[in-house]
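What follows is a set of notes on a single structure, which appears directly below.
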Amino acid sequence: MKAASVGLLRLLAPFAVLVVVLWLLIHMDRIRPTLPVLACSFLAIATPMIIIMIRHQIRRTRVAMIELFAESFGFLHRAPQGGDKPPGGSSDNVSFEFVRGKYFADLFLDPKEPQVLSRIPMFAMSVSSDWMLLLCSLPYMLLTCFGMYLVFLPAQVALGLGTDVAWFEPSLLLLGGAPTDILADKPALAAFHANALTVAALAFAGAYCFTLRMFLRAVAVFDLSPLTFLRAFAHMVLSVAIALVVYRTAPDAATIWGVMPWSDAPATGATSGGAQAQTPVEATSLGYGWVAIAFAFGFVPDSALNYLLRLSRIVHKSVYSELEVHCRQIPLTVLDGIDHQIAFRLEEANVFDVQNLATFNPIMLHVESPYGIYQCIDWIAQAQLCTVVGPERFLLLKSMNIRTIFDLERAMLPMELDGQMAQADPALRGAMAAALATDCTRSTKTRTALGLGTAPAPLTEAATLDRLARVILDDLHVLRLRQVWAQIRDKFAETALPNERFRNDSPAVKQLDAA
C-alpha cells in the first residue's frame, strides 16, 4: 500500500508542478488564462507527460499478455523437480525471449532476477527511465510552447495592430533583403511580416501534427525513447526554418508546383533575388496555395528541403527512379483475412506491405496488436509465400490450396510418416514446379523493359526442385516462424493428423541441411 501511494504521488508530481506554475503566473498578473496559454499548457507540456504515462501502462499490459502467452503454450522451462514453471523462467525460443526482454530493457533490473510483471511499478514516473524521457522532452516542450503561442495568439497582439508593442518584431529571416520600397511602406511591411509569420505558424502546426503521429507509432510498438523527442524537436525546427526560406525564395504558390518532384518543368516566377523580385502589391497578399503548402512542408518530413534543393539546382546524388515502376510495394490486402481497416491498424506496428509482415516476429505482432497468435502466424506464413513467389504466383498457388509457406514446404519436401521417410508426390511436386515457373504480365514487362531476355525454363529434376525448396525455405524469418509454429503445434500433438510428424527437427529438414 505504501509503495502504491508513493507511486501515485510520483505520477501526479509533474501535473502538480504545472498547475502551481500556472497559478502563480496568473496570480502575479504575468499571464491571463487565455486560449494561447491553455494551448501551451496542454498541447506542449501535458501531452508529452501523458504519452510517457501511457507508455508505462502499455508496458504493464503487454508484459501481462506475454506471461499469459507463455503459460498457455509452455514457452518457459519447468522446474528441475517437475514442479510448476518458476516466475520469469527462461525459454529456448529466441523470438519469445526477445519480445519479453524488450519491455524490461530500460528498467535495468538485476539479470539474476526474474522478468515478471510484479517487478514493474504500478504507476508511471516510478522508474528512472520515465523521468529521463520527461527530462529529454524539455526542448520539445519549450519549442512547442513558443510555437503554439504563435499559432493561437491573436493577430492584433502578435503584430501590434492598434498597440505600440508587437510580440513578434520583424527579423532578418522574415524581412532581411526586402526591397527598400517595401521597407519604406509601413502597411506593405506589416502585411509582408504577417504573411511570413502565417507561413511559420502553418508549418509549425503541420510539424506538430506529424510529431503526434510519430509519438503514437512509437508508443504503439514501445519504441518511445529520448531520441524520439530529439527527432521531433529537430523536425519542427527544420520544417519552420526551411518553409520560411522557401517562402522568401518563391512567394508565389504557383511557382512551387513546377518544381515539385512530380513535375519536370523548371521553376517559373522564382528569381535569384528572392524577395527582391516582389512588388509592394505582391507582398501584401499571401496566396491561398501557401496555406496548404506551408502545412504540408511541416507534416511531410524533408519535403521542404527536397524542394529547396530542387529549386536551387544543387547537384546531388539522384535516385535511379526508372526501376521504381518495377518494384512496387505489395499491399497487405492481397492476403486472406486482411482488409483495409486491418491493414491500417498494422501500419501502427510499422507493417506497411507484405515484405514487412513476412519478416515480422509473430509473437511480437500478437502482443502489440489485438489479433490472436494463430491469426498472426497464418498472415505471416501467407506473406512469406507471397514475398518469395510474387503476388501473381501466390494467387495461382492459392487456387491450388497452397496458401502458406508451410503448405509449399509440405508439397515439395519429403515427410516423415509412421517413422519412415515418404517422398513428396511426383504429381504434386510437378504442379508446384510448373506454378513457380509460370510467367506473368508483370515479369514479362520487367524483362522487356530491362532487356533481361526470356523467362527461364521450368525445373523438372528432383534434385533441382529440392535445392529450390531449400533456397525458398532457408531464410531466417521462415526458420523463426517454423520454430514458433512447431512449439505451438506440439501442444496439440494428440489432435494432430494420425501418424504424421513434421517438425523443425524432422528428418526432412535434416536431410536438406546435410545436402
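So you can find residues: chains in the C-alpha cells are A, B, ... in the order shown, residues in each start at 1, and ligands are numbered from 1 in order.
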
Using DSSP assignments from the backbone, pull out every residue in segment 403-447 of chain A that falls under strand (DSSP E or B) and give it to me as a list in words. Met415, Glu416, Leu417, Gln420, Met421 and Ala422 of chain A

Could you save the residues just selected, with N, CA and C atoms, as an mmCIF file, in the first residue's frame?
data_model
loop_
_atom_site.group_PDB
_atom_site.id
_atom_site.type_symbol
_atom_site.label_atom_id
_atom_site.label_comp_id
_atom_site.auth_asym_id
_atom_site.auth_seq_id
_atom_site.Cartn_x
_atom_site.Cartn_y
_atom_site.Cartn_z
ATOM 1 N N MET A 415 8.463 -36.128 -46.219
ATOM 2 C CA MET A 415 7.787 -36.006 -44.938
ATOM 3 C C MET A 415 7.918 -37.320 -44.179
ATOM 4 N N GLU A 416 7.987 -37.223 -42.867
ATOM 5 C CA GLU A 416 8.073 -38.401 -42.019
ATOM 6 C C GLU A 416 6.663 -38.903 -41.704
ATOM 7 N N LEU A 417 6.360 -40.140 -42.172
ATOM 8 C CA LEU A 417 5.073 -40.778 -41.922
ATOM 9 C C LEU A 417 5.310 -42.155 -41.316
ATOM 10 N N GLN A 420 8.874 -43.356 -41.000
ATOM 11 C CA GLN A 420 9.669 -43.563 -42.204
ATOM 12 C C GLN A 420 9.543 -42.337 -43.108
ATOM 13 N N MET A 421 10.572 -42.140 -43.933
ATOM 14 C CA MET A 421 10.576 -41.008 -44.844
ATOM 15 C C MET A 421 9.713 -41.328 -46.055
ATOM 16 N N ALA A 422 8.794 -40.463 -46.375
ATOM 17 C CA ALA A 422 7.929 -40.612 -47.538
ATOM 18 C C ALA A 422 8.228 -39.468 -48.496
#

Set the distance at 10 Å and use only C-alpha atoms: which residues neighbour segment 171-173 of chain A once local chain neighbours fewer than 5 positions away are removed? I'd like the list as a ChimeraX atom specification. /A:178,193,196,241,244-245,248

Pull all heavy atoms from the residues just selected and write them as a CSV table (one decimal), in the first residue's frame.
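Heads up, here's the output in result_13.csv:
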chain,number,residue,atom,x,y,z
A,178,ALA,N,14.5,42.5,-48.2
A,178,ALA,CA,13.4,43.0,-48.9
A,178,ALA,C,13.7,44.4,-49.6
A,178,ALA,O,14.6,45.1,-49.1
A,178,ALA,CB,12.2,43.2,-47.9
A,193,HIS,N,5.2,41.0,-43.2
A,193,HIS,CA,5.6,40.4,-41.9
A,193,HIS,C,4.5,39.4,-41.5
A,193,HIS,O,4.8,38.3,-41.0
A,193,HIS,CB,5.8,41.5,-40.9
A,193,HIS,CG,6.3,41.0,-39.6
A,193,HIS,ND1,5.9,41.6,-38.4
A,193,HIS,CD2,7.0,39.9,-39.3
A,193,HIS,CE1,6.5,40.9,-37.4
A,193,HIS,NE2,7.1,39.9,-37.9
A,196,ALA,N,4.7,36.2,-43.5
A,196,ALA,CA,5.8,35.3,-43.1
A,196,ALA,C,5.5,34.6,-41.8
A,196,ALA,O,5.8,33.4,-41.6
A,196,ALA,CB,7.1,36.1,-43.0
A,241,ALA,N,12.0,26.6,-40.4
A,241,ALA,CA,13.1,27.4,-41.0
A,241,ALA,C,13.1,27.3,-42.5
A,241,ALA,O,13.2,28.3,-43.2
A,241,ALA,CB,14.4,27.0,-40.4
A,244,LEU,N,10.1,29.0,-44.2
A,244,LEU,CA,10.3,30.4,-44.3
A,244,LEU,C,11.3,30.8,-45.5
A,244,LEU,O,11.1,31.7,-46.2
A,244,LEU,CB,10.8,31.0,-43.0
A,244,LEU,CG,9.8,31.1,-41.9
A,244,LEU,CD1,10.4,31.6,-40.6
A,244,LEU,CD2,8.7,32.1,-42.3
A,245,VAL,N,12.4,30.0,-45.6
A,245,VAL,CA,13.3,30.2,-46.7
A,245,VAL,C,12.7,30.0,-48.0
A,245,VAL,O,12.9,30.8,-49.0
A,245,VAL,CB,14.6,29.3,-46.5
A,245,VAL,CG1,15.5,29.4,-47.7
A,245,VAL,CG2,15.3,29.7,-45.2
A,248,ARG,N,10.4,33.0,-48.8
A,248,ARG,CA,11.2,34.2,-49.2
A,248,ARG,C,11.7,34.0,-50.6
A,248,ARG,O,11.9,35.0,-51.3
A,248,ARG,CB,12.3,34.4,-48.2
A,248,ARG,CG,12.0,34.8,-46.8
A,248,ARG,CD,11.2,36.1,-46.7
A,248,ARG,NE,11.9,37.1,-47.5
A,248,ARG,CZ,13.0,37.8,-47.1
A,248,ARG,NH1,13.4,37.6,-45.8
A,248,ARG,NH2,13.5,38.7,-47.8

Considering only helix (DSSP H, G or I) as DSSP defines it on the backbone, what residues of segment 361-397 of chain A qualify? List them as a PyMOL selection string. chain A and resi 362-367+373-389+391-397

Pick out the closest residue to Asp106 of chain A from this set: A:Ser126, A:Thr47, A:Ser137, A:Ser225. Count only C-alpha atoms.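 Ranked by minimum distance to Asp106 of chain A, first place goes to A:Ser225.
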
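Of the residues listed (A:Leu481, A:Met53, A:Leu76, A:Val127), A:Val127 shows the shortest atom-to-atom separation from Leu107 of chain A; distances use only C-alpha atoms.
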
Neighbour list for Gln375 of chain A as a ChimeraX atom specification, cut-off 12 Å, only C-alpha atoms, skip fewer than 3 positions in-chain: /A:335-338,342,362-363,365-366,369-372,378-382,485

Between atom CA of Thr211 of chain A and atom CA of Gly298 of chain A, what is the distance, to one decimal in Å?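 If I compute the distance from atom CA of Thr211 of chain A to atom CA of Gly298 of chain A, I get 9.8 Å.
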
If we count only C-alpha atoms and set the cut-off at 12 Å, which residues sit around Asn401 of chain A, ignoring sequence neighbours fewer than 4 positions away in its own chain? Please answer as a count of residues only. 14

Residue nearest Ser443 of chain A among A:Leu459, A:Val325, A:Ile293, A:Val116 (counting only C-alpha atoms): A:Val325

One decimal, Å: what's the distance from atom CA of Phe42 of chain A over to atom CA of Leu150 of chain A, could you say?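 According to the coordinates, atom CA of Phe42 of chain A and atom CA of Leu150 of chain A are separated by 14.9 Å.
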
List the spatial neighbours of Ala463 of chain A as a list in words - criterion: any atom at most 12 Å away, only C-alpha atoms, same-chain residues fewer than 3 positions off excluded.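 Answer for this query is Met412, Leu413, Arg429, Leu459, Thr460, Asp466, Arg467, Leu468, Ala469, Arg470, Leu512 and Ala515 of chain A.
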
Shell of 8 Å around Gly289 of chain A, only C-alpha atoms, local chain residues under 2 positions omitted, as an NGL selection string: :A and (253-254 or 287 or 291-293)

Take the residues just selected and output them with C-alpha atoms as an mmCIF file, in the first residue's frame.
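The resulting result_37.cif:
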data_model
loop_
_atom_site.group_PDB
_atom_site.id
_atom_site.type_symbol
_atom_site.label_atom_id
_atom_site.label_comp_id
_atom_site.auth_asym_id
_atom_site.auth_seq_id
_atom_site.Cartn_x
_atom_site.Cartn_y
_atom_site.Cartn_z
ATOM 1 C CA ALA A 253 2.474 29.498 -54.673
ATOM 2 C CA ALA A 254 2.078 28.739 -58.397
ATOM 3 C CA GLY A 287 -1.822 33.133 -51.818
ATOM 4 C CA VAL A 291 -1.874 27.721 -46.644
ATOM 5 C CA ALA A 292 -1.749 24.110 -47.840
ATOM 6 C CA ILE A 293 1.914 24.188 -48.888
#

Need the shell around Phe98 of chain A: protein/DNA/RNA residues with any atom at most 12 Å away, counting only C-alpha atoms. Skip same-chain ones fewer than 4 positions apart. Format as a PyMOL selection string? chain A and resi 66+90-94+102-105+361-364

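With atom CA of Ser129 of chain A on one side and atom CA of Arg345 of chain A on the other, the separation reads 27.9 Å.
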
Of the residues A:Ala486, A:Val246, A:Leu357, A:Tyr149, which is the one nearest to Asn306 of chain A, using only C-alpha atoms?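 Result for the nearest residue to Asn306 of chain A: A:Val246.
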